[in-house]
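For reference, start-v6.txt (compact mmCIF, C-alpha atoms):
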```txt
# COMPACT_ATOMS: atom_id res chain seq x y z
CA MET A 1 89.80 38.89 125.16
CA SER A 2 86.81 40.93 126.21
CA ILE A 3 85.33 41.20 129.62
CA ASN A 4 81.87 39.71 129.66
CA ALA A 5 79.36 37.77 131.71
CA THR A 6 81.87 34.99 132.22
CA LEU A 7 83.28 37.27 134.90
CA ILE A 8 80.06 37.07 136.88
CA GLY A 9 79.91 33.31 136.54
CA GLN A 10 83.49 33.01 137.70
CA MET A 11 82.84 35.26 140.67
CA ILE A 12 79.90 33.12 141.72
CA THR A 13 81.99 29.97 141.42
CA PHE A 14 84.76 31.62 143.41
CA THR A 15 82.38 32.74 146.14
CA LEU A 16 80.95 29.24 146.41
CA LEU A 17 84.43 27.72 146.60
CA VAL A 18 85.54 30.13 149.30
CA TRP A 19 82.36 29.56 151.27
CA PHE A 20 82.78 25.79 151.07
CA THR A 21 86.43 25.92 152.04
CA MET A 22 85.65 28.23 154.93
CA LYS A 23 82.86 26.06 156.22
CA TYR A 24 83.90 22.46 155.61
CA ILE A 25 87.58 22.28 154.78
CA TRP A 26 89.62 24.75 156.76
CA PRO A 27 88.20 24.27 160.30
CA PRO A 28 88.59 20.47 160.68
CA LEU A 29 92.05 20.47 159.14
CA ILE A 30 93.40 23.34 161.18
CA GLU A 31 91.79 21.83 164.27
CA ALA A 32 93.54 18.52 163.66
CA LEU A 33 96.82 20.32 163.18
CA GLU A 34 96.31 22.25 166.39
CA GLU A 35 95.42 19.06 168.22
CA ARG A 36 98.52 17.32 166.93
CA ARG A 37 100.62 20.31 167.92
CA LYS A 38 99.18 20.05 171.41
CA LYS A 39 99.77 16.32 171.53
CA ILE A 40 103.37 16.73 170.50
CA ALA A 41 103.86 19.46 173.08
CA GLU A 42 102.34 17.24 175.73
CA GLY A 43 104.49 14.33 174.67
CA LEU A 44 107.60 16.46 174.84
CA ALA A 45 106.61 17.78 178.26
CA ALA A 46 105.98 14.24 179.48
CA ALA A 47 109.33 13.13 178.15
CA GLU A 48 111.03 16.01 179.90
CA LYS A 49 109.22 15.19 183.11
CA GLY A 50 110.26 11.57 182.82
CA GLN A 51 113.84 12.64 182.29
CA GLU A 52 113.68 14.82 185.37
CA GLU A 53 112.19 12.03 187.40
CA MET A 54 114.89 9.70 186.23
CA ASP A 55 117.58 12.18 187.24
CA LEU A 56 115.96 12.50 190.63
CA ALA A 57 115.73 8.73 191.03
CA GLU A 58 119.36 8.42 190.02
CA LYS A 59 120.34 10.92 192.69
CA ARG A 60 118.23 9.13 195.23
CA ALA A 61 119.78 5.83 194.26
CA LEU A 62 123.23 7.33 194.73
CA VAL A 63 122.31 8.47 198.22
CA VAL A 64 120.92 5.06 199.09
CA LEU A 65 123.99 3.39 197.69
CA LYS A 66 126.25 5.61 199.76
CA GLN A 67 124.25 4.83 202.89
CA ALA A 68 124.41 1.16 202.18
CA LYS A 69 128.16 1.35 201.74
CA GLU A 70 128.54 3.15 205.02
CA GLN A 71 126.33 0.66 206.75
CA SER A 72 128.19 -2.27 205.34
CA SER A 73 131.55 -0.87 206.37
CA ASP A 74 130.12 -0.31 209.87
CA ILE A 75 128.96 -3.89 209.96
CA VAL A 76 132.32 -5.15 208.81
CA SER A 77 134.22 -3.19 211.44
CA LEU A 78 131.79 -4.34 214.12
CA ALA A 79 132.23 -7.93 213.06
CA GLN A 80 135.98 -7.51 213.11
CA LYS A 81 135.82 -6.13 216.62
CA ARG A 82 133.66 -8.97 217.73
CA ALA A 83 135.92 -11.51 216.14
CA ASN A 84 138.87 -9.95 217.95
CA ASN A 85 136.96 -10.23 221.20
CA VAL A 86 136.17 -13.85 220.55
CA VAL A 87 139.79 -14.60 219.77
CA GLU A 88 140.91 -12.81 222.94
CA GLN A 89 138.38 -14.66 224.99
CA SER A 90 139.29 -18.04 223.61
CA LYS A 91 142.94 -17.29 224.22
CA GLU A 92 142.15 -16.51 227.81
CA ASN A 93 140.02 -19.61 228.13
CA ALA A 94 142.76 -21.74 226.67
CA LYS A 95 145.26 -20.24 229.04
CA LYS A 96 142.97 -20.94 232.00
CA GLU A 97 142.38 -24.48 230.83
CA GLY A 98 146.09 -24.99 230.40
CA ASP A 99 146.75 -23.64 233.86
CA ARG A 100 144.13 -25.92 235.27
CA MET A 101 145.61 -28.91 233.49
CA ILE A 102 149.06 -28.01 234.73
CA GLU A 103 147.67 -27.77 238.27
CA ALA A 104 146.04 -31.18 237.92
CA ALA A 105 149.21 -32.69 236.52
CA LYS A 106 151.16 -31.22 239.38
CA ALA A 107 148.73 -32.68 241.91
CA GLN A 108 148.95 -36.06 240.19
CA ILE A 109 152.72 -35.89 240.29
CA GLU A 110 152.60 -35.05 243.99
CA GLN A 111 150.33 -37.97 244.63
CA ASP A 112 152.51 -40.33 242.64
CA LEU A 113 155.51 -39.02 244.51
CA GLN A 114 153.87 -39.74 247.82
CA GLN A 115 152.97 -43.24 246.65
CA ALA A 116 156.49 -43.86 245.45
CA LYS A 117 157.86 -42.57 248.71
CA GLU A 118 155.57 -44.92 250.59
CA GLY A 119 156.61 -47.86 248.38
CA LEU A 120 160.24 -47.01 248.88
CA ARG A 121 159.76 -46.79 252.62
CA GLN A 122 158.25 -50.28 252.63
CA GLU A 123 161.00 -51.57 250.49
CA VAL A 124 163.69 -49.94 252.66
CA ALA A 125 162.08 -51.48 255.72
CA THR A 126 162.01 -54.91 254.08
CA LEU A 127 165.61 -54.46 252.96
CA ALA A 128 166.66 -53.35 256.38
CA LEU A 129 164.85 -56.29 257.89
CA SER A 130 166.37 -58.75 255.49
CA ALA A 131 169.79 -57.24 256.18
CA ALA A 132 169.16 -57.45 259.84
CA GLU A 133 168.00 -61.02 259.33
CA GLN A 134 171.22 -61.89 257.52
CA ILE A 135 173.24 -60.48 260.32
CA LEU A 136 171.11 -62.06 262.96
CA LYS A 137 171.17 -65.46 261.19
CA LYS A 138 174.87 -65.59 261.75
CA GLU A 139 174.84 -64.60 265.30
CA ILE A 140 171.52 -65.66 266.63
CA ASN A 141 169.92 -68.99 266.76
CA LYS A 142 166.80 -68.91 264.99
CA ALA A 143 164.99 -70.98 267.43
CA GLU A 144 166.35 -69.09 270.40
CA HIS A 145 165.29 -65.81 269.29
CA LYS A 146 162.05 -66.84 267.70
CA THR A 147 159.90 -64.97 270.07
CA LEU A 148 161.96 -61.81 269.73
CA ILE A 149 161.85 -61.91 265.97
CA ALA A 150 158.17 -62.44 265.93
CA LYS A 151 157.79 -59.54 268.27
CA VAL A 152 159.80 -57.26 266.05
CA ALA A 153 158.02 -58.54 262.96
CA SER A 154 154.68 -57.81 264.49
CA GLN A 155 155.92 -54.40 265.37
CA LEU A 156 156.96 -53.82 261.74
CA GLY A 157 153.72 -55.05 260.29
CA MET B 1 95.47 18.77 114.23
CA ALA B 2 92.33 20.70 114.87
CA THR B 3 93.72 23.79 113.20
CA GLU B 4 93.95 22.54 109.69
CA ALA B 5 90.26 21.86 109.43
CA HIS B 6 89.14 25.29 110.61
CA ALA B 7 91.69 27.99 110.03
CA ALA B 8 93.69 27.68 106.88
CA GLU B 9 95.87 30.74 107.51
CA GLY B 10 98.85 28.73 108.75
CA ALA B 11 100.71 29.75 111.88
CA THR B 12 98.65 32.83 112.71
CA GLY B 13 95.46 30.91 112.30
CA TYR B 14 96.73 28.14 114.53
CA ILE B 15 97.68 30.58 117.27
CA VAL B 16 94.50 32.61 117.07
CA HIS B 17 92.44 29.46 117.04
CA HIS B 18 94.12 28.18 120.19
CA LEU B 19 93.50 31.41 122.01
CA THR B 20 89.86 31.76 121.01
CA PRO B 21 87.45 30.77 123.74
CA PHE B 22 84.51 28.46 123.25
CA SER B 23 81.71 30.88 123.88
CA VAL B 24 77.99 31.37 123.61
CA GLY B 25 76.01 34.58 123.60
CA GLU B 26 76.59 38.08 122.24
CA GLY B 27 78.21 41.25 123.55
CA PHE B 28 78.50 41.48 127.29
CA TRP B 29 76.33 38.44 127.81
CA THR B 30 78.84 36.20 126.15
CA LEU B 31 79.79 33.23 128.27
CA HIS B 32 83.16 31.53 127.86
CA LEU B 33 81.96 28.00 128.46
CA ASP B 34 85.48 26.56 128.46
CA THR B 35 86.65 28.90 131.21
CA LEU B 36 83.52 28.30 133.25
CA PHE B 37 83.68 24.56 132.71
CA PHE B 38 87.34 24.01 133.47
CA SER B 39 87.45 26.30 136.46
CA ALA B 40 84.38 24.62 137.89
CA VAL B 41 85.86 21.18 137.31
CA LEU B 42 89.17 22.20 138.87
CA GLY B 43 87.36 23.84 141.76
CA THR B 44 85.45 20.62 142.29
CA VAL B 45 88.67 18.61 142.19
CA PHE B 46 90.16 20.89 144.83
CA ILE B 47 87.06 20.82 147.02
CA TRP B 48 86.62 17.07 146.64
CA PHE B 49 90.21 16.22 147.47
CA PHE B 50 90.42 18.52 150.48
CA LYS B 51 86.98 17.55 151.72
CA THR B 52 87.84 13.85 151.53
CA VAL B 53 90.91 14.45 153.63
CA ALA B 54 89.10 16.80 156.02
CA GLU B 55 86.49 14.14 156.72
CA LYS B 56 89.05 11.55 157.71
CA VAL B 57 91.47 13.93 159.34
CA THR B 58 93.19 12.70 162.46
CA ALA B 59 95.53 14.29 164.94
CA ASN B 60 97.39 11.01 165.14
CA GLU B 61 99.59 9.54 162.48
CA PRO B 62 98.54 11.14 159.18
CA GLY B 63 98.20 9.30 155.89
CA LEU B 64 99.88 10.30 152.66
CA ALA B 65 97.00 12.46 151.41
CA GLN B 66 96.57 14.08 154.79
CA ASN B 67 100.27 14.84 154.95
CA PHE B 68 100.08 16.53 151.58
CA VAL B 69 97.00 18.54 152.51
CA GLU B 70 98.49 19.49 155.84
CA MET B 71 101.63 20.69 154.11
CA ILE B 72 99.56 23.06 151.95
CA ILE B 73 97.38 24.13 154.86
CA GLU B 74 100.34 24.87 157.07
CA PHE B 75 102.09 26.70 154.27
CA VAL B 76 99.06 28.92 153.66
CA ASP B 77 98.44 29.36 157.37
CA GLN B 78 102.04 30.46 157.85
CA GLN B 79 101.73 33.02 155.05
CA VAL B 80 98.55 34.39 156.60
CA LYS B 81 100.09 34.54 160.06
CA ASP B 82 103.18 36.29 158.72
CA SER B 83 101.34 39.04 156.88
CA PHE B 84 97.98 39.34 158.54
CA HIS B 85 97.72 40.35 162.15
CA GLY B 86 93.99 40.74 162.60
CA GLU B 87 91.38 38.21 163.54
CA SER B 88 89.51 36.73 160.63
CA LYS B 89 87.86 33.45 159.89
CA LEU B 90 87.71 34.24 156.20
CA ILE B 91 91.22 35.17 155.15
CA ALA B 92 92.97 31.83 155.62
CA PRO B 93 90.34 29.72 153.80
CA LEU B 94 90.16 32.42 151.14
CA SER B 95 93.90 32.28 150.65
CA LEU B 96 93.85 28.50 150.50
CA THR B 97 91.11 28.55 147.88
CA ILE B 98 92.91 31.15 145.79
CA PHE B 99 96.23 29.32 146.00
CA CYS B 100 94.86 25.91 145.09
CA TRP B 101 92.40 27.07 142.52
CA VAL B 102 94.81 29.32 140.69
CA PHE B 103 97.48 26.64 140.87
CA LEU B 104 95.14 24.13 139.26
CA TRP B 105 94.13 26.68 136.61
CA ASN B 106 97.74 27.32 135.80
CA ALA B 107 98.59 23.63 135.85
CA MET B 108 96.28 23.15 132.86
CA ASP B 109 99.03 24.95 131.01
CA LEU B 110 101.16 21.83 131.24
CA LEU B 111 98.75 19.73 129.21
CA PRO B 112 99.80 19.39 125.58
CA VAL B 113 98.33 22.37 123.71
CA ASP B 114 96.47 20.23 121.22
CA LEU B 115 95.21 17.52 123.56
CA VAL B 116 92.01 18.98 124.97
CA PRO B 117 91.11 21.06 121.89
CA GLY B 118 91.69 17.93 119.81
CA VAL B 119 89.33 15.87 121.91
CA ALA B 120 86.84 18.76 121.92
CA SER B 121 86.88 19.03 118.14
CA MET B 122 86.09 15.34 117.91
CA MET B 123 83.05 16.07 120.05
CA GLY B 124 82.06 18.89 117.74
CA VAL B 125 83.44 21.84 119.68
CA ASP B 126 85.50 24.04 117.39
CA THR B 127 87.50 26.17 119.78
CA MET B 128 88.70 25.38 123.23
CA ARG B 129 90.89 27.29 125.66
CA VAL B 130 91.81 25.07 128.58
CA VAL B 131 93.70 27.39 130.90
CA PRO B 132 91.20 29.55 132.82
CA SER B 133 93.92 31.98 133.86
CA THR B 134 94.47 32.91 130.21
CA ASP B 135 90.97 34.36 130.31
CA LEU B 136 90.79 37.90 131.67
CA ASN B 137 87.34 37.08 133.00
CA GLY B 138 88.82 34.38 135.18
CA THR B 139 91.59 36.46 136.66
CA PHE B 140 89.42 39.54 137.04
CA ALA B 141 86.71 37.52 138.73
CA LEU B 142 89.21 36.65 141.43
CA SER B 143 90.74 40.09 141.77
CA ILE B 144 87.42 41.95 141.74
CA SER B 145 86.09 39.62 144.43
CA VAL B 146 89.18 40.38 146.44
CA PHE B 147 88.64 44.09 145.73
CA PHE B 148 85.10 43.87 147.10
CA LEU B 149 86.49 42.23 150.21
CA ILE B 150 89.06 45.02 150.56
CA ILE B 151 86.31 47.65 150.44
CA PHE B 152 84.11 45.58 152.75
CA TYR B 153 86.78 45.17 155.39
CA ASN B 154 87.83 48.80 155.12
CA LEU B 155 84.27 49.80 155.90
CA LYS B 156 83.80 47.15 158.55
CA ILE B 157 87.01 47.68 160.49
CA LYS B 158 87.55 51.40 160.08
CA GLY B 159 83.94 52.46 159.80
CA VAL B 160 82.47 54.68 157.10
CA PHE B 161 83.72 57.87 158.69
CA SER B 162 87.27 56.78 159.27
CA PHE B 163 87.52 55.18 155.83
CA SER B 164 86.20 58.31 154.12
CA LYS B 165 88.60 60.42 156.10
CA GLU B 166 91.45 58.21 154.96
CA ILE B 167 90.39 58.59 151.35
CA LEU B 168 89.98 62.34 151.63
CA LEU B 169 92.99 63.26 153.77
CA HIS B 170 95.55 60.65 152.87
CA PRO B 171 98.41 60.93 151.94
CA PHE B 172 98.27 64.80 152.12
CA ASN B 173 96.61 65.91 155.29
CA THR B 174 95.21 69.26 154.12
CA VAL B 175 91.72 70.23 153.11
CA PHE B 176 93.05 71.91 149.95
CA LEU B 177 94.41 68.73 148.51
CA ILE B 178 91.25 66.67 148.98
CA PRO B 179 90.58 66.25 145.24
CA PHE B 180 94.14 65.20 144.67
CA ASN B 181 93.95 62.75 147.56
CA ILE B 182 90.77 61.24 146.20
CA LEU B 183 92.37 60.80 142.82
CA LEU B 184 95.47 59.19 144.32
CA ASN B 185 93.44 56.83 146.47
CA ILE B 186 91.16 55.80 143.64
CA VAL B 187 94.17 54.99 141.52
CA GLU B 188 95.71 53.12 144.42
CA TYR B 189 92.60 51.07 145.10
CA ILE B 190 91.88 50.35 141.43
CA ALA B 191 95.50 49.41 140.83
CA LYS B 192 95.22 46.53 143.27
CA PRO B 193 92.68 44.34 141.44
CA VAL B 194 93.97 45.40 138.03
CA SER B 195 97.56 44.48 138.81
CA LEU B 196 96.49 41.23 140.49
CA ALA B 197 94.43 40.13 137.49
CA LEU B 198 96.80 41.33 134.78
CA ARG B 199 99.90 39.83 136.38
CA LEU B 200 98.37 36.38 136.50
CA PHE B 201 96.76 36.71 133.08
CA GLY B 202 99.91 38.08 131.46
CA ASN B 203 102.19 35.38 132.78
CA LEU B 204 99.96 32.52 131.84
CA TYR B 205 98.85 33.95 128.51
CA ALA B 206 102.45 34.49 127.50
CA GLY B 207 103.39 31.03 128.73
CA GLU B 208 100.60 29.41 126.78
CA LEU B 209 101.53 31.43 123.70
CA ILE B 210 105.08 30.09 123.88
CA PHE B 211 103.75 26.54 124.15
CA ILE B 212 101.64 27.16 121.05
CA LEU B 213 104.63 28.58 119.20
CA ILE B 214 106.70 25.55 120.17
CA ALA B 215 103.88 23.35 118.86
CA LEU B 216 104.35 25.00 115.46
CA MET B 217 107.96 23.83 115.22
CA PRO B 218 109.00 20.63 113.46
CA TRP B 219 108.23 17.63 115.61
CA TYR B 220 111.90 16.80 116.37
CA LEU B 221 112.47 20.26 117.82
CA GLN B 222 109.36 20.32 119.99
CA PRO B 223 110.50 18.13 122.92
CA LEU B 224 113.80 19.99 122.99
CA LEU B 225 111.99 23.27 123.58
CA SER B 226 108.75 22.33 125.26
CA PHE B 227 110.39 20.19 127.91
CA PRO B 228 112.57 22.96 129.44
CA TRP B 229 109.72 25.43 129.05
CA ALA B 230 107.34 23.06 130.87
CA VAL B 231 109.84 22.53 133.65
CA PHE B 232 110.26 26.27 133.95
CA HIS B 233 106.50 26.59 133.98
CA ILE B 234 106.21 24.32 137.00
CA LEU B 235 107.93 27.17 138.80
CA ILE B 236 105.84 29.85 137.10
CA ILE B 237 102.46 28.32 137.84
CA THR B 238 103.31 27.80 141.52
CA LEU B 239 104.86 31.22 141.83
CA GLN B 240 101.91 33.00 140.22
CA ALA B 241 99.43 31.19 142.47
CA PHE B 242 101.60 32.06 145.45
CA ILE B 243 101.92 35.73 144.46
CA PHE B 244 98.18 36.07 143.97
CA MET B 245 97.58 34.57 147.41
CA VAL B 246 100.20 36.61 149.23
CA LEU B 247 99.08 39.89 147.66
CA THR B 248 95.49 39.11 148.59
CA ILE B 249 96.58 38.58 152.19
CA VAL B 250 98.61 41.77 152.16
CA TYR B 251 95.80 43.86 150.69
CA LEU B 252 93.28 42.51 153.17
CA SER B 253 95.69 43.02 156.03
CA MET B 254 96.10 46.65 154.93
CA ALA B 255 92.33 46.97 154.96
CA HIS B 256 92.35 45.78 158.57
CA GLU B 257 94.91 48.27 159.78
CA ASP B 258 93.33 51.29 161.35
CA HIS B 259 95.54 54.36 161.25
```

Take the structure in this file and express it as structure tokens.
Amino acid sequence: MSINATLIGQMITFTLLVWFTMKYIWPPLIEALEERRKKIAEGLAAAEKGQEEMDLAEKRALVVLKQAKEQSSDIVSLAQKRANNVVEQSKENAKKEGDRMIEAAKAQIEQDLQQAKEGLRQEVATLALSAAEQILKKEINKAEHKTLIAKVASQLG
Amino acid sequence: MATEAHAAEGATGYIVHHLTPFSVGEGFWTLHLDTLFFSAVLGTVFIWFFKTVAEKVTANEPGLAQNFVEMIIEFVDQQVKDSFHGESKLIAPLSLTIFCWVFLWNAMDLLPVDLVPGVASMMGVDTMRVVPSTDLNGTFALSISVFFLIIFYNLKIKGVFSFSKEILLHPFNTVFLIPFNILLNIVEYIAKPVSLALRLFGNLYAGELIFILIALMPWYLQPLLSFPWAVFHILIITLQAFIFMVLTIVYLSMAHEDH
């Protein structure tokens, strides 16, 4: 239980141990820990930055989406307008065409009417002539009046 | 058992035998070879393990051993940062060494009390005390080294003049009470290493004594008693190593504070 030279030996051992720890053990370990701490901090910062960038991109995407929607609705309304125009125009065209066709039909009818009138006139003349012939056959001698009839006939022709 | 061959005085002989160091030399120049041997071996184990890890240390994904070492390092570093506010390259490694070394010393306590002495007696060594912290020389070697550091840092940080002034005029700031102040300060400074060494020694010596007493019981009672005591001692050995380290940090931090 007595204090003796063992004390000195132990102190020397202790000093050596402390010196060794101080020189070769503590610095690399604490350095590695510090480095890891830094790495983690950097990683966290990067993650945060990424998150921020994502938020920003999301916002930007929203804006773009809104613009696109607006644009598309513009396009749709424009197309509708144009379609309306086209419909109007074709209606007008159709009406014009119809009018024109009616005009043509009318002209045709007029022409046909004139032709019919002409035909009728001929026929009436023939009828009148044949009637006159019938009457004349009774009263006039064919041979006597031959020259007269031929005269009239030539006049009719 | 080793006892029966050497000390025939029964229980007392067994106890005394287990607490007698294996020593050479006479008087002051006695060397406790067991204390020197085991503390050196344990110190080497500590140095070897930590050095192996320190060589392969990486800031990336750590291995199992590195994780373990880092846990201890961070724990010690945190203690130093909490209590010590100066700049020093020595204190943290010193604390680490004290914590690990004392822990390993104390952990020898958990070996069966007859194991190492039994093996030693087969090799012709009569007495063997395996726990270096049950040797006052071991604990005092640590605390006196710490005491030297306290004095050294007091002189280095405060300067000879300021340190002397503190000893002469503290706590009572009058010229008339200088002798009283000196006495108080000497007691205060001496109390530090003495309490450090005796606390560790007392706890471990008592713990070892209980283990020896348990070893004297009938064999069927021994596990019943030694198991809970060993479990309790896992706490004690860690706590004592921790206390020694923290007090060292506190004392050195006091030495760094200039009033």

request  = For chain B, report every residue with an atom at most 9 Å from chain A (counting all atoms listed in the file), formatted as a PyMOL selection string.
outcome  = chain B and resi 19-21+27-33+35-36+39-40+43-44+47+50-51+53-55+57-60+66+69-70+73-74+77+89-98+101+135-142+144-145

Taken to one decimal, the atom CA of Asn203 of chain B-atom CA of Val187 of chain B distance is 22.9 Å

query = Any idea what's packed within 8 Å of Phe38 of chain B, counting only C-alpha atoms, ignoring anything in its chain fewer than 2 positions away? Could you give it as a ChimeraX atom specification?
reply = /B:34-36,40-42,105,130-132

Students should find that atom CA of Glu208 of chain B and atom CA of Val250 of chain B are spaced 28.3 Å

For this session: Would you work out the distance separating atom CA of His85 of chain B from atom CA of Ile249 of chain B, expressed in Å to one decimal?
Result: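 A separation of 10.2 Å between them.
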
Selection near segment 242-248 of chain B, 9 Å with all atoms listed in the file, sequence-local residues under 5 positions removed, as a list in words =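 Skipping anything fewer than 5 positions along the chain leaves Val76, Gln79, Val80, Ser83, Ile91, Leu94, Ser95, Leu96, Thr97, Ile98, Phe99, Val102, Phe103, Ser143, Val146, Phe147, Ile150, Lys192, Leu196, Ala197, Arg199, Leu200, Ile237 and Ser253 of chain B.
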
Box along x, y and z, 6 Å on every side, all listed atoms of segment 159-166 of chain B inside: centre and edge lengths in Å to one decimal, as JSON.
```
{"center_x": 87.0, "center_y": 56.4, "center_z": 157.0, "size_x": 21.0, "size_y": 20.0, "size_z": 17.7}
```

Check: Which polymer residues have any atom within 12 Å of an atom of Ile167 of chain B, counting only C-alpha atoms, with same-chain residues fewer than 2 positions away left out, as a ChimeraX atom specification?
Finding: /B:151,154-155,158,160-165,169-173,175,177-189,259
